[in-house]
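Chemist: I have a structure here, written as structure tokens, and I will follow up with some questions on it.
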Amino acid sequence: MCGICGIILKDHDNPNFSIGALLYRMMESQQVRAQDSAGIAIFNTGDAHCNDLSYNLNYFIKSPPTSMTTTATGGYELIEEKIPASKPIKEQSLLVSKLSKDDSVSIIGYSNKMKLVKNMGLVKDLDKKYNIRSMKGSHGIGHLRIATSSKVDPGNAHPFSTTVLPDIAVVHNGEITNYSKLRNLLEIKGYPFYSSCDSEVIAVFLADQLLMHGDIQRAHDQFIRKADGPFTYIAATPHSLSLVRDKFGTRKGIIGYNRGGEGNPAFWAMATDLSALDIVGANEDVKAASPGKSLIFTI
Amino acid sequence: MNNKEKFIIRSSILELAESGTPRNISIDDRIKNNNNNHNEREKEKPLNFWDSITALGAQLSRPPYDPYREIINLEISVGRKQCQNKVVLSMPLLIYDNYVKSEETSLDTLHDALNWLAVNENINLGFVSDKSIKNINRKYPYFKRIIGKSKIEKKDFDFEGLVLQYNNDDHDKFIQFLTDIRKEFKGPILVEIDDTDDRYINSILDIGADGIVADTIKITNQQGKYKGKHAITVIHDMRRAINQYYAGKENDGAMLVAAGDFNNTGRIVKAAALGADIIGYSTSMLIANAANHYENLSNTNAISERIYRHVLATKGELKGVPAALGYSNFYNMSPADLRTSSIEVSLQTDIAIEGIDKSYRQIIEELVDEYEIKERLNIDEGKKQKLVAHLLTNRYGV
Amino acid sequence: MPYHKDVLDIKRNLLKESSSPTNADYYDPAKIILDARKAFDGLVPYSGLGATSTNDYFSSIDLIGGSGGDLKTAEDYSDVDLSLNIGGRYSNDIIKSDVPFFISGMSYGSLKLPAKIVLHIALNKLAEEDGICVIMNTGEGGALPWEIYGMDTWNNRILEYAERLLKEHNLDSVDREQIFCRKYPLIVQYASGRFWRDPNYLLKADAIEIKIGQGAKIGHGGVLPGSKVTELVAENRGVPPYKAAHSPSRHLDILGPEDLVAKILELREVTEWKIPIIVKVGASRVYDDIQIILKSCADSASIDGYVGGTGAAPWEIREVIGINTIPSIKLGKDAIVDYYSNKKLDNFKLLAHGGIWDSKRIAKCIALGANGVGIGTGFLISMGCTLIQDCYTNTCPAGLTGSYEKLDIQQSVKRVINYIKGTMFELQNIVGSLGKKTIKDLGTADLFATDEISNMVSGLGMSKKNYYKQITEKIRSMDNKMECIEKINLS
């Protein structure tokens, strides 16, 4: 983990403004410090599938080497498999379990209102492949990774999502040191894990909490209490965007406001570095999240 | 380095330092020859098991915490969700009055020390004993230990917690006893067991016991599947049994208390990382440490003072180690933080071997998979398990 | 924190009791002393030097080929190349050494001035008279004035301070020319306590070592007990005298990989990209740490096994945390091999510390994958250390870390020089008798392990065919059993 960023529009019904371009600019400014992998997740993109009840299962498949695969992406293809809502739950989970047994497949999670793209390499490679700069939506998060533990491959890149609950995306800067204990507790409860990165436990933990009581604030508070180690993370669901810091505030986390103008809408930006806020002009009303607290925007 | 090795190292280096010319034999070869001559014990004796386990500290991939700057939590609340009067302990220790007969005066010194700790330092240590505490001026939590078939009346509830002894000769009677007590007593109830048999643990926890106590010395000495094994195996298996009890459910905090030969901070930390929530620290060791070599045994005040200081020093150590591992909470340590330099330890506890970061069982399983691919066979799962078991028991030495 | 008088009594009684054979098994004298100290002081007990490892694998790994890697040979192998270069990956300059080992960081404060002067004069003499260049590391207590300035720029304040130091330690008679020169490369340590006051400490260094931690106290800060912080030590470090000098457990501005990158870039700017930068970590999560160091722009990484020594460390932290030196070298090498699997190799060096005091051990570490080795306790022993591990109490009987005994400087200089020369000759003999011309040609093919655990831990690879043979036999016997059962069922 290294650079995390988040953007949320004040007026979230503006379909003509691409927040993907903003996220791209923020990530590019931090690129020099983290070059292992990049990823973004944008919500309420207005694509056709957002409106019906079907889900997408996102996963990576290791494609056989051809002359077309670039070394930067390492030959991994990101697949979005559409599962129509008419298919019963049992068939969906059969598909997941079949895929999880396949070694060349790395499952990411379910999405409906969210578009998640990530891969190894630099953010400009990601843009070349998926055209991030033109992506529109109400809010989104982005991440640049320099690995501290666990391997560098697309399955371990952020944002992390889960098959427990659709449309959760988490980007994370820091270490969850009691990761194996938390993961163990969640696995005993029956939840699946698909990568060896400690950030995945945030997504599964939040999904478990939301299933129990649906209150995102309480979910974050529980995580801050239970998790150990230095971390700052940005979590996004279709209706919320939150910046959360650990109880000692060891990692930075700040938000800033850009009031817009000249046809550009107003928005809030979140990041760990002031320079990332500057580059998108979000330097009004800059404040930090308090240690052990979360700053939540809800739609 | 024991004294013999220190002597060899020193004399060999000084020989080099005096002459400046090559020696005849290196230090390691000299130590080896020395050991062969004196028939040293093999290295894998159980006494060395604890020392073959080390913990992984925090450096770059995670930053260490500093007890001077960040608050390291050692408190733990004993009691599951439905327990109404939970007991909060300030350290993961229960002072366990074991079978050794201790004199009245020595128990009094312990009582004074525990009171001072509770009042002066706000350190609450639990005391477990079958004897009743005469002093009514008690400021620390007391767990009454019921051995055999004694009965207790509600009016005698002058304790904060209970420790019962499970007897598998009389399973149904015990279950009935436990059910009755659970209805009457609102504080935490811990049950001492001898076996990791799932049936016993599941039924004990189902009734509402708040934790399991494993006396590792007793368990590894009596006839049964743990005879001759080591305390670490017992802790590992007990933890696995409790985890299995919670499969598919919400974990509401049943504890594992490990009692036995844990009387220095290193062993407490390793046992906690292996899965014990609370460690039983034996009374006799505590008093002996404080007063063993102290001539003036009649000066009970001085002995209490020693016990008091010993506990304060232990608290400092118990804060320092998790901070150095990168945790702000003592109870966040897990077996993933441990490594071992002994194959036997890895076999009994699934701790990863240092340098490879996999347990011995995992290495053998991967070996069988590689063999399967190399020989282009298709071995079914049951056969694979048998192969792995065979390789683990017939360990091959180079 | 000197010993309480009662604790000394306990120690004496223990020596009597623990010497009987029945008690030797259960009695752990160290443990009993430890408890007694806790009971008397109420403080976390400290200890000096390194931890005791149950198995450091050195005695079960041997060199093969030639005549077994002899220390003494009839042939002359004095032209075997043992040199070590550090730097060049991102730095413009490199530091060179004629031997693959250097003096590990032992700070001024934990070592008294006479011991530091002995090491300094010995290295000077080796460089001048024998042309052998050996690198030294300052340790975390700052550098002494002549280490920074040599004979060059002086101002009156520093000269006065130097003369005061020498007078206080009764070293007036030593030749000034020998003391105030520096003819060997010096690595300065950039530790979390930042114990220096002079910016020239960094600007005039030959290399900088960023110390994230050391093997004896991984994740725990260092401390110099108050009784050892004399006025001069305090002035050198910029701290108040006679109060314990604590260094934090981490650099307050390095909390993760991106902070390390920023710190290294900052130091490079300050030193104009000239000098090599090394990062030192204690051996615990070595693979991840070395990967992070490779991705930051450091020139070299240094790992310290948990048996590494120190002046003062809390007992439990020292004994419980960390892994041995050999598995740490293996993990470091794995990290380097994985990193360079799709990149061009460059001058990244791996240095190892921790209980390496012997030429045979040096050769084994280098064959396993280290490029260079740091020696600390070995040098102390050559100067007379008796290994009683009381370094923090200021009562060292050899006069190295305590001020009550006097160290014979001239004799110790001779001993250190002999130790270095002797180790060098032995290394040349070992490498030469294996048929190699340079120590860089030593590799894992020159080693073999005598038991299963050492084989696995050192990365020498398990001899899989013996395992395969066992599997084949077992499969055959299982199939036979199945056939028998089928036969019984059919009949």
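Convention: chains lettered A, B, ... in structure tokens order; per-chain residue numbering from 1; ligands numbered from 1 as shown.
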Can you pull out the residues contacting region 8-13 of chain A? Cut-off 7 Å, using only C-alpha atoms, and skip same-chain residues under 2 positions away; I want them as number ranges by chain.
Modeler: A: 6, 15, 138-140, 266-269
Chemist: Export C-alpha atoms of the chosen residues as a compact mmCIF listing (two decimals), in the first residue's frame?
Modeler:
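Output below, filename out.txt:
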# COMPACT_ATOMS: atom_id res chain seq x y z
CA GLY A 6 -10.92 9.05 -2.95
CA PRO A 15 -23.36 12.43 -15.31
CA SER A 138 -20.71 9.74 -8.12
CA HIS A 139 -17.68 8.67 -6.11
CA GLY A 140 -14.62 6.53 -6.46
CA ALA A 266 -17.76 20.69 -6.48
CA PHE A 267 -16.23 17.69 -4.82
CA TRP A 268 -14.37 16.41 -1.78
CA ALA A 269 -11.08 14.61 -2.16
Chemist: Find the residues near Phe17 (chain A): any atom within 9 Å, counting only C-alpha atoms, skip ones fewer than 3 places away on the same chain, and give them as a ChimeraX atom specification.
Modeler: /A:14,20-21,134-137,264-265
Chemist: With N, CA and C atoms retained, write the just-selected residues as a PDB file, in the first residue's frame.
Modeler:
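Contents of part_10.pdb, freshly written:
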ATOM      1  N   ASN A  14     -24.335  14.291 -11.364  1.00  0.00           N
ATOM      2  CA  ASN A  14     -23.755  14.940 -12.537  1.00  0.00           C
ATOM      3  C   ASN A  14     -23.142  13.909 -13.464  1.00  0.00           C
ATOM      4  N   GLY A  20     -12.991   9.849 -12.884  1.00  0.00           N
ATOM      5  CA  GLY A  20     -11.840   8.997 -13.186  1.00  0.00           C
ATOM      6  C   GLY A  20     -10.620   9.832 -13.524  1.00  0.00           C
ATOM      7  N   ALA A  21     -10.851  10.951 -14.200  1.00  0.00           N
ATOM      8  CA  ALA A  21      -9.713  11.808 -14.559  1.00  0.00           C
ATOM      9  C   ALA A  21      -9.074  12.394 -13.306  1.00  0.00           C
ATOM     10  N   SER A 134     -11.834   8.511 -18.540  1.00  0.00           N
ATOM     11  CA  SER A 134     -13.152   8.932 -18.990  1.00  0.00           C
ATOM     12  C   SER A 134     -14.260   8.343 -18.151  1.00  0.00           C
ATOM     13  N   MET A 135     -13.926   7.635 -17.093  1.00  0.00           N
ATOM     14  CA  MET A 135     -14.978   7.009 -16.278  1.00  0.00           C
ATOM     15  C   MET A 135     -15.730   8.045 -15.449  1.00  0.00           C
ATOM     16  N   LYS A 136     -17.049   7.933 -15.465  1.00  0.00           N
ATOM     17  CA  LYS A 136     -17.858   8.883 -14.700  1.00  0.00           C
ATOM     18  C   LYS A 136     -18.514   8.155 -13.540  1.00  0.00           C
ATOM     19  N   GLY A 137     -18.917   8.884 -12.527  1.00  0.00           N
ATOM     20  CA  GLY A 137     -19.622   8.250 -11.412  1.00  0.00           C
ATOM     21  C   GLY A 137     -19.854   9.270 -10.317  1.00  0.00           C
ATOM     22  N   ASN A 264     -17.176  22.975 -13.766  1.00  0.00           N
ATOM     23  CA  ASN A 264     -16.720  21.808 -13.004  1.00  0.00           C
ATOM     24  C   ASN A 264     -17.494  21.739 -11.698  1.00  0.00           C
ATOM     25  N   PRO A 265     -17.921  20.541 -11.367  1.00  0.00           N
ATOM     26  CA  PRO A 265     -18.715  20.428 -10.140  1.00  0.00           C
ATOM     27  C   PRO A 265     -17.840  20.497  -8.898  1.00  0.00           C
TER      28      PRO A 265
END
Chemist: List the spatial neighbours of Asn168 (chain B) as a list in words - criterion: any atom at most 12 Å away, only C-alpha atoms, same-chain residues fewer than 6 positions off excluded.
Modeler: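 Once the nearby chain positions are removed, what remains is Phe174, Ile175, Glu192, Ile193, Asp194, Asp195, Thr196, Asp197, Arg199, Tyr200, Ile201 and Ile204 of chain B.
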Chemist: Okay, now the selection with N, CA and C atoms, as a short mmCIF file (atom, residue, chain, number, x, y, z; two decimals), in the first residue's frame?
Modeler:
data_model
loop_
_atom_site.label_atom_id
_atom_site.label_comp_id
_atom_site.auth_asym_id
_atom_site.auth_seq_id
_atom_site.Cartn_x
_atom_site.Cartn_y
_atom_site.Cartn_z
N PHE B 174 -21.34 -34.45 36.33
CA PHE B 174 -20.68 -33.14 36.23
C PHE B 174 -21.53 -32.18 35.42
N ILE B 175 -22.08 -32.67 34.33
CA ILE B 175 -22.90 -31.79 33.49
C ILE B 175 -24.05 -31.22 34.29
N GLU B 192 -11.62 -27.15 34.46
CA GLU B 192 -10.35 -27.84 34.19
C GLU B 192 -10.63 -29.16 33.51
N ILE B 193 -10.00 -29.38 32.36
CA ILE B 193 -10.21 -30.67 31.71
C ILE B 193 -8.88 -31.34 31.42
N ASP B 194 -8.97 -32.64 31.15
CA ASP B 194 -7.76 -33.42 30.91
C ASP B 194 -7.57 -33.77 29.46
N ASP B 195 -8.55 -33.59 28.67
CA ASP B 195 -8.55 -34.18 27.34
C ASP B 195 -9.07 -33.16 26.36
N THR B 196 -8.71 -33.31 25.11
CA THR B 196 -9.28 -32.39 24.15
C THR B 196 -10.43 -33.03 23.41
N ASP B 197 -11.04 -34.00 24.05
CA ASP B 197 -12.13 -34.68 23.39
C ASP B 197 -13.25 -33.70 23.09
N ARG B 199 -16.34 -33.94 22.41
CA ARG B 199 -17.65 -34.09 23.05
C ARG B 199 -17.66 -33.35 24.37
N TYR B 200 -16.58 -33.50 25.17
CA TYR B 200 -16.58 -32.87 26.48
C TYR B 200 -16.56 -31.35 26.33
N ILE B 201 -15.65 -30.86 25.48
CA ILE B 201 -15.54 -29.41 25.36
C ILE B 201 -16.84 -28.82 24.84
N ILE B 204 -19.50 -28.85 27.57
CA ILE B 204 -19.19 -27.91 28.65
C ILE B 204 -19.44 -26.48 28.21
#
Chemist: For Thr250 (chain A), which residue among A:Gly174, A:Gly281, A:Gly109, A:Pro192 is the nearest when counting only C-alpha atoms?
Modeler: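 Checking each of A:Gly174, A:Gly281, A:Gly109, A:Pro192 against Thr250 (chain A), counting only C-alpha atoms, the winner is A:Gly174.
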Chemist: Quick check: residues of chain B within 10 Å of chain A, only C-alpha atoms, returned as a PyMOL selection string.
Modeler: chain B and resi 58+60-65+69-71+243-251+325-329+331-337
Chemist: Just the selected residues (N, CA and C atoms), exported as a short mmCIF file (atom, residue, chain, number, x, y, z; two decimals), in the first residue's frame, please.
Modeler:
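Saved to again_1.cif:
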data_model
loop_
_atom_site.label_atom_id
_atom_site.label_comp_id
_atom_site.auth_asym_id
_atom_site.auth_seq_id
_atom_site.Cartn_x
_atom_site.Cartn_y
_atom_site.Cartn_z
N ALA B 58 8.96 -6.70 14.75
CA ALA B 58 8.53 -5.72 13.76
C ALA B 58 9.72 -4.84 13.38
N LEU B 60 10.61 -3.34 9.33
CA LEU B 60 10.19 -2.46 8.24
C LEU B 60 8.81 -2.82 7.73
N SER B 61 8.55 -4.10 7.56
CA SER B 61 7.27 -4.47 6.96
C SER B 61 6.12 -4.14 7.88
N ARG B 62 6.39 -4.02 9.16
CA ARG B 62 5.43 -3.39 10.06
C ARG B 62 6.24 -2.62 11.10
N PRO B 63 5.78 -1.46 11.54
CA PRO B 63 6.59 -0.70 12.49
C PRO B 63 6.36 -1.17 13.92
N PRO B 64 7.41 -1.18 14.75
CA PRO B 64 7.19 -1.55 16.15
C PRO B 64 6.51 -0.42 16.89
N TYR B 65 5.76 -0.77 17.91
CA TYR B 65 5.19 0.24 18.78
C TYR B 65 6.13 0.48 19.94
N ARG B 69 5.32 5.55 24.01
CA ARG B 69 4.49 6.45 23.22
C ARG B 69 3.08 5.96 23.00
N GLU B 70 2.94 4.67 22.77
CA GLU B 70 1.61 4.12 22.53
C GLU B 70 1.20 3.26 23.71
N ILE B 71 -0.08 3.24 23.98
CA ILE B 71 -0.57 2.47 25.12
C ILE B 71 -0.74 1.03 24.68
N ASN B 243 -11.74 -23.52 18.76
CA ASN B 243 -12.08 -22.91 17.47
C ASN B 243 -13.12 -23.73 16.73
N GLN B 244 -12.99 -25.05 16.81
CA GLN B 244 -13.96 -25.89 16.11
C GLN B 244 -15.33 -25.74 16.73
N TYR B 245 -15.38 -25.50 18.03
CA TYR B 245 -16.67 -25.28 18.67
C TYR B 245 -17.37 -24.07 18.07
N TYR B 246 -16.56 -23.06 17.67
CA TYR B 246 -17.14 -21.83 17.15
C TYR B 246 -17.35 -21.84 15.64
N ALA B 247 -17.15 -22.99 14.98
CA ALA B 247 -17.27 -23.00 13.53
C ALA B 247 -18.68 -22.59 13.12
N GLY B 248 -18.75 -21.55 12.31
CA GLY B 248 -20.04 -21.09 11.83
C GLY B 248 -20.79 -20.20 12.80
N LYS B 249 -20.23 -19.99 14.01
CA LYS B 249 -20.95 -19.15 14.97
C LYS B 249 -20.14 -17.88 15.23
N GLU B 250 -20.75 -16.97 15.94
CA GLU B 250 -20.08 -15.76 16.38
C GLU B 250 -19.24 -16.10 17.62
N ASN B 251 -17.98 -15.72 17.64
CA ASN B 251 -17.11 -16.03 18.77
C ASN B 251 -17.44 -15.10 19.92
N LEU B 325 6.67 -6.69 18.72
CA LEU B 325 6.16 -7.49 17.61
C LEU B 325 5.22 -6.67 16.73
N GLY B 326 4.92 -5.43 17.14
CA GLY B 326 4.08 -4.58 16.30
C GLY B 326 2.62 -4.56 16.72
N TYR B 327 2.32 -5.03 17.93
CA TYR B 327 0.93 -5.06 18.38
C TYR B 327 0.71 -4.07 19.51
N SER B 328 -0.48 -3.45 19.51
CA SER B 328 -0.79 -2.58 20.64
C SER B 328 -1.66 -3.30 21.64
N ASN B 329 -1.91 -4.58 21.40
CA ASN B 329 -2.78 -5.36 22.27
C ASN B 329 -2.14 -6.73 22.43
N TYR B 331 -3.26 -9.46 23.20
CA TYR B 331 -4.06 -10.61 22.76
C TYR B 331 -4.16 -10.73 21.25
N ASN B 332 -3.42 -9.89 20.53
CA ASN B 332 -3.44 -9.99 19.08
C ASN B 332 -2.35 -10.90 18.54
N MET B 333 -1.51 -11.44 19.40
CA MET B 333 -0.44 -12.31 18.90
C MET B 333 -1.05 -13.64 18.45
N SER B 334 -0.46 -14.22 17.43
CA SER B 334 -1.03 -15.46 16.91
C SER B 334 0.11 -16.38 16.49
N PRO B 335 -0.20 -17.66 16.19
CA PRO B 335 0.88 -18.58 15.81
C PRO B 335 1.62 -18.15 14.56
N ALA B 336 1.01 -17.27 13.74
CA ALA B 336 1.73 -16.81 12.55
C ALA B 336 2.94 -15.97 12.92
N ASP B 337 3.02 -15.51 14.18
CA ASP B 337 4.16 -14.71 14.60
C ASP B 337 5.31 -15.56 15.12
#
Chemist: Against chain A, which residues of chain C fall within 10 Å? For each one I want the closest pair of atoms and the distance in Å (one decimal), counting only C-alpha atoms, rows by chain and increasing residue number, as a tab-separated table.
Modeler:
residue	atom	partner	partner_atom	distance
C:Leu255	CA	A:Thr250	CA	7.8
C:Gly256	CA	A:Gly174	CA	7.4
C:Pro257	CA	A:Thr148	CA	7.2
C:Glu258	CA	A:Arg33	CA	6.2
C:Asp259	CA	A:Arg33	CA	9.3
C:Val261	CA	A:Arg33	CA	7.3
C:Ala262	CA	A:Arg33	CA	8.4
C:Arg285	CA	A:Ser149	CA	9.2
C:Tyr287	CA	A:Ser149	CA	8.5
C:Asp288	CA	A:Ser149	CA	5.5
C:Asp289	CA	A:Thr148	CA	7.5
C:Ile290	CA	A:Thr148	CA	9.7
C:Gln291	CA	A:Thr148	CA	7.6
C:Ile292	CA	A:Thr148	CA	6.4
C:Lys295	CA	A:Ile146	CA	8.4
C:Ser296	CA	A:Arg33	CA	8.6
Chemist: Mind dumping the selected residues with C-alpha atoms as a PDB file, in the first residue's frame?
Modeler:
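Saved file result20.pdb follows:
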ATOM      1  CA  LEU C 255       6.855   4.163   9.617  1.00  0.00           C
ATOM      2  CA  GLY C 256       6.678   2.235   6.416  1.00  0.00           C
ATOM      3  CA  PRO C 257       8.261   1.650   3.039  1.00  0.00           C
ATOM      4  CA  GLU C 258       7.368   4.987   1.486  1.00  0.00           C
ATOM      5  CA  ASP C 259       8.898   6.810   4.447  1.00  0.00           C
ATOM      6  CA  VAL C 261      12.262   5.842   0.335  1.00  0.00           C
ATOM      7  CA  ALA C 262      11.769   9.480   1.331  1.00  0.00           C
ATOM      8  CA  ARG C 285      10.532 -10.890   8.715  1.00  0.00           C
ATOM      9  CA  TYR C 287      12.006 -11.603   3.140  1.00  0.00           C
ATOM     10  CA  ASP C 288       9.549  -8.728   3.341  1.00  0.00           C
ATOM     11  CA  ASP C 289      12.096  -6.312   4.794  1.00  0.00           C
ATOM     12  CA  ILE C 290      14.730  -7.008   2.153  1.00  0.00           C
ATOM     13  CA  GLN C 291      12.118  -6.632  -0.600  1.00  0.00           C
ATOM     14  CA  ILE C 292      11.274  -3.210   0.788  1.00  0.00           C
ATOM     15  CA  LYS C 295      12.630  -1.203  -3.791  1.00  0.00           C
ATOM     16  CA  SER C 296      13.913   1.859  -1.960  1.00  0.00           C
TER      17      SER C 296
END
Chemist: Near region 55-58 of chain A, counting only C-alpha atoms, which residues have an atom at most 7 Å away, once you skip same-chain residues fewer than 3 positions from it, shown as a ChimeraX atom specification?
Modeler: /A:79-85,107-112
Chemist: For Gly282 (chain C), please output as a PDB file with C-alpha atoms, in the first residue's frame all residues within 10 Å (counting only C-alpha atoms; exclusion window: fewer than 5 positions along the same chain).
Modeler:
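And here's result.pdb as it stands now:
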ATOM      1  CA  LEU B  56       9.046 -12.465  14.686  1.00  0.00           C
ATOM      2  CA  GLY B  57       9.635  -8.846  15.564  1.00  0.00           C
ATOM      3  CA  ALA B  58       8.535  -5.720  13.755  1.00  0.00           C
ATOM      4  CA  GLN B  59      11.080  -3.832  11.669  1.00  0.00           C
ATOM      5  CA  LEU B  60      10.190  -2.464   8.237  1.00  0.00           C
TER       6      LEU B  60
ATOM      7  CA  LYS C 211      19.656   1.373  11.485  1.00  0.00           C
ATOM      8  CA  ILE C 212      16.062   0.251  11.663  1.00  0.00           C
ATOM      9  CA  GLY C 213      16.910  -2.268  14.359  1.00  0.00           C
ATOM     10  CA  GLN C 214      19.464  -4.780  15.530  1.00  0.00           C
ATOM     11  CA  GLY C 215      19.201  -8.495  16.262  1.00  0.00           C
ATOM     12  CA  ALA C 216      19.503  -8.281  20.037  1.00  0.00           C
ATOM     13  CA  LYS C 217      16.497  -6.021  20.493  1.00  0.00           C
ATOM     14  CA  ILE C 218      14.304  -6.324  17.458  1.00  0.00           C
ATOM     15  CA  GLY C 219      11.477  -3.825  17.656  1.00  0.00           C
ATOM     16  CA  ASP C 289      12.096  -6.312   4.794  1.00  0.00           C
ATOM     17  CA  SER C 302      22.393  -5.600   6.470  1.00  0.00           C
ATOM     18  CA  ILE C 303      20.710  -8.281   8.593  1.00  0.00           C
ATOM     19  CA  ASP C 304      21.499  -9.061  12.210  1.00  0.00           C
ATOM     20  CA  GLY C 305      20.570 -12.493  13.559  1.00  0.00           C
ATOM     21  CA  TYR C 306      18.958 -12.640  16.979  1.00  0.00           C
ATOM     22  CA  GLY C 308      23.844 -10.656  17.786  1.00  0.00           C
ATOM     23  CA  ILE C 321      12.366 -12.310  19.365  1.00  0.00           C
ATOM     24  CA  GLY C 322      14.102 -12.940  16.066  1.00  0.00           C
ATOM     25  CA  ILE C 323      15.467 -15.763  13.949  1.00  0.00           C
ATOM     26  CA  THR C 325      21.595 -15.879  11.274  1.00  0.00           C
ATOM     27  CA  SER C 328      18.010 -14.947   7.708  1.00  0.00           C
ATOM     28  CA  HIS C 353      25.820 -10.147  11.392  1.00  0.00           C
ATOM     29  CA  GLY C 354      25.118 -12.252  14.431  1.00  0.00           C
TER      30      GLY C 354
END
Chemist: List the spatial neighbours of region 169-172 of chain A as a PyMOL selection string - criterion: any atom at most 6 Å away, only C-alpha atoms, same-chain residues fewer than 4 positions off excluded.
Modeler: chain A and resi 158-161+232-236
Chemist: Could those selected residues go to a file with N, CA and C atoms, as an mmCIF file, in the first residue's frame?
Modeler:
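File selection-v2.cif, as written:
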data_model
loop_
_atom_site.group_PDB
_atom_site.id
_atom_site.type_symbol
_atom_site.label_atom_id
_atom_site.label_comp_id
_atom_site.auth_asym_id
_atom_site.auth_seq_id
_atom_site.Cartn_x
_atom_site.Cartn_y
_atom_site.Cartn_z
ATOM 1 N N HIS A 158 -4.949 -3.601 -4.719
ATOM 2 C CA HIS A 158 -6.143 -2.957 -4.162
ATOM 3 C C HIS A 158 -6.905 -2.312 -5.300
ATOM 4 N N PRO A 159 -8.163 -1.992 -5.291
ATOM 5 C CA PRO A 159 -9.100 -2.106 -4.162
ATOM 6 C C PRO A 159 -9.547 -3.550 -3.938
ATOM 7 N N PHE A 160 -9.872 -3.873 -2.704
ATOM 8 C CA PHE A 160 -10.352 -5.199 -2.396
ATOM 9 C C PHE A 160 -11.866 -5.204 -2.294
ATOM 10 N N SER A 161 -12.431 -6.293 -2.798
ATOM 11 C CA SER A 161 -13.865 -6.459 -2.731
ATOM 12 C C SER A 161 -14.113 -7.856 -2.177
ATOM 13 N N THR A 232 -4.593 3.390 7.450
ATOM 14 C CA THR A 232 -5.623 4.354 7.059
ATOM 15 C C THR A 232 -6.300 3.723 5.857
ATOM 16 N N TYR A 233 -7.602 3.661 5.861
ATOM 17 C CA TYR A 233 -8.234 3.095 4.675
ATOM 18 C C TYR A 233 -9.420 3.934 4.248
ATOM 19 N N ILE A 234 -9.719 3.809 2.961
ATOM 20 C CA ILE A 234 -10.903 4.455 2.405
ATOM 21 C C ILE A 234 -11.823 3.343 1.937
ATOM 22 N N ALA A 235 -13.037 3.315 2.443
ATOM 23 C CA ALA A 235 -13.981 2.257 2.078
ATOM 24 C C ALA A 235 -15.161 2.894 1.361
ATOM 25 N N ALA A 236 -15.630 2.212 0.320
ATOM 26 C CA ALA A 236 -16.734 2.774 -0.462
ATOM 27 C C ALA A 236 -17.813 1.736 -0.657
#
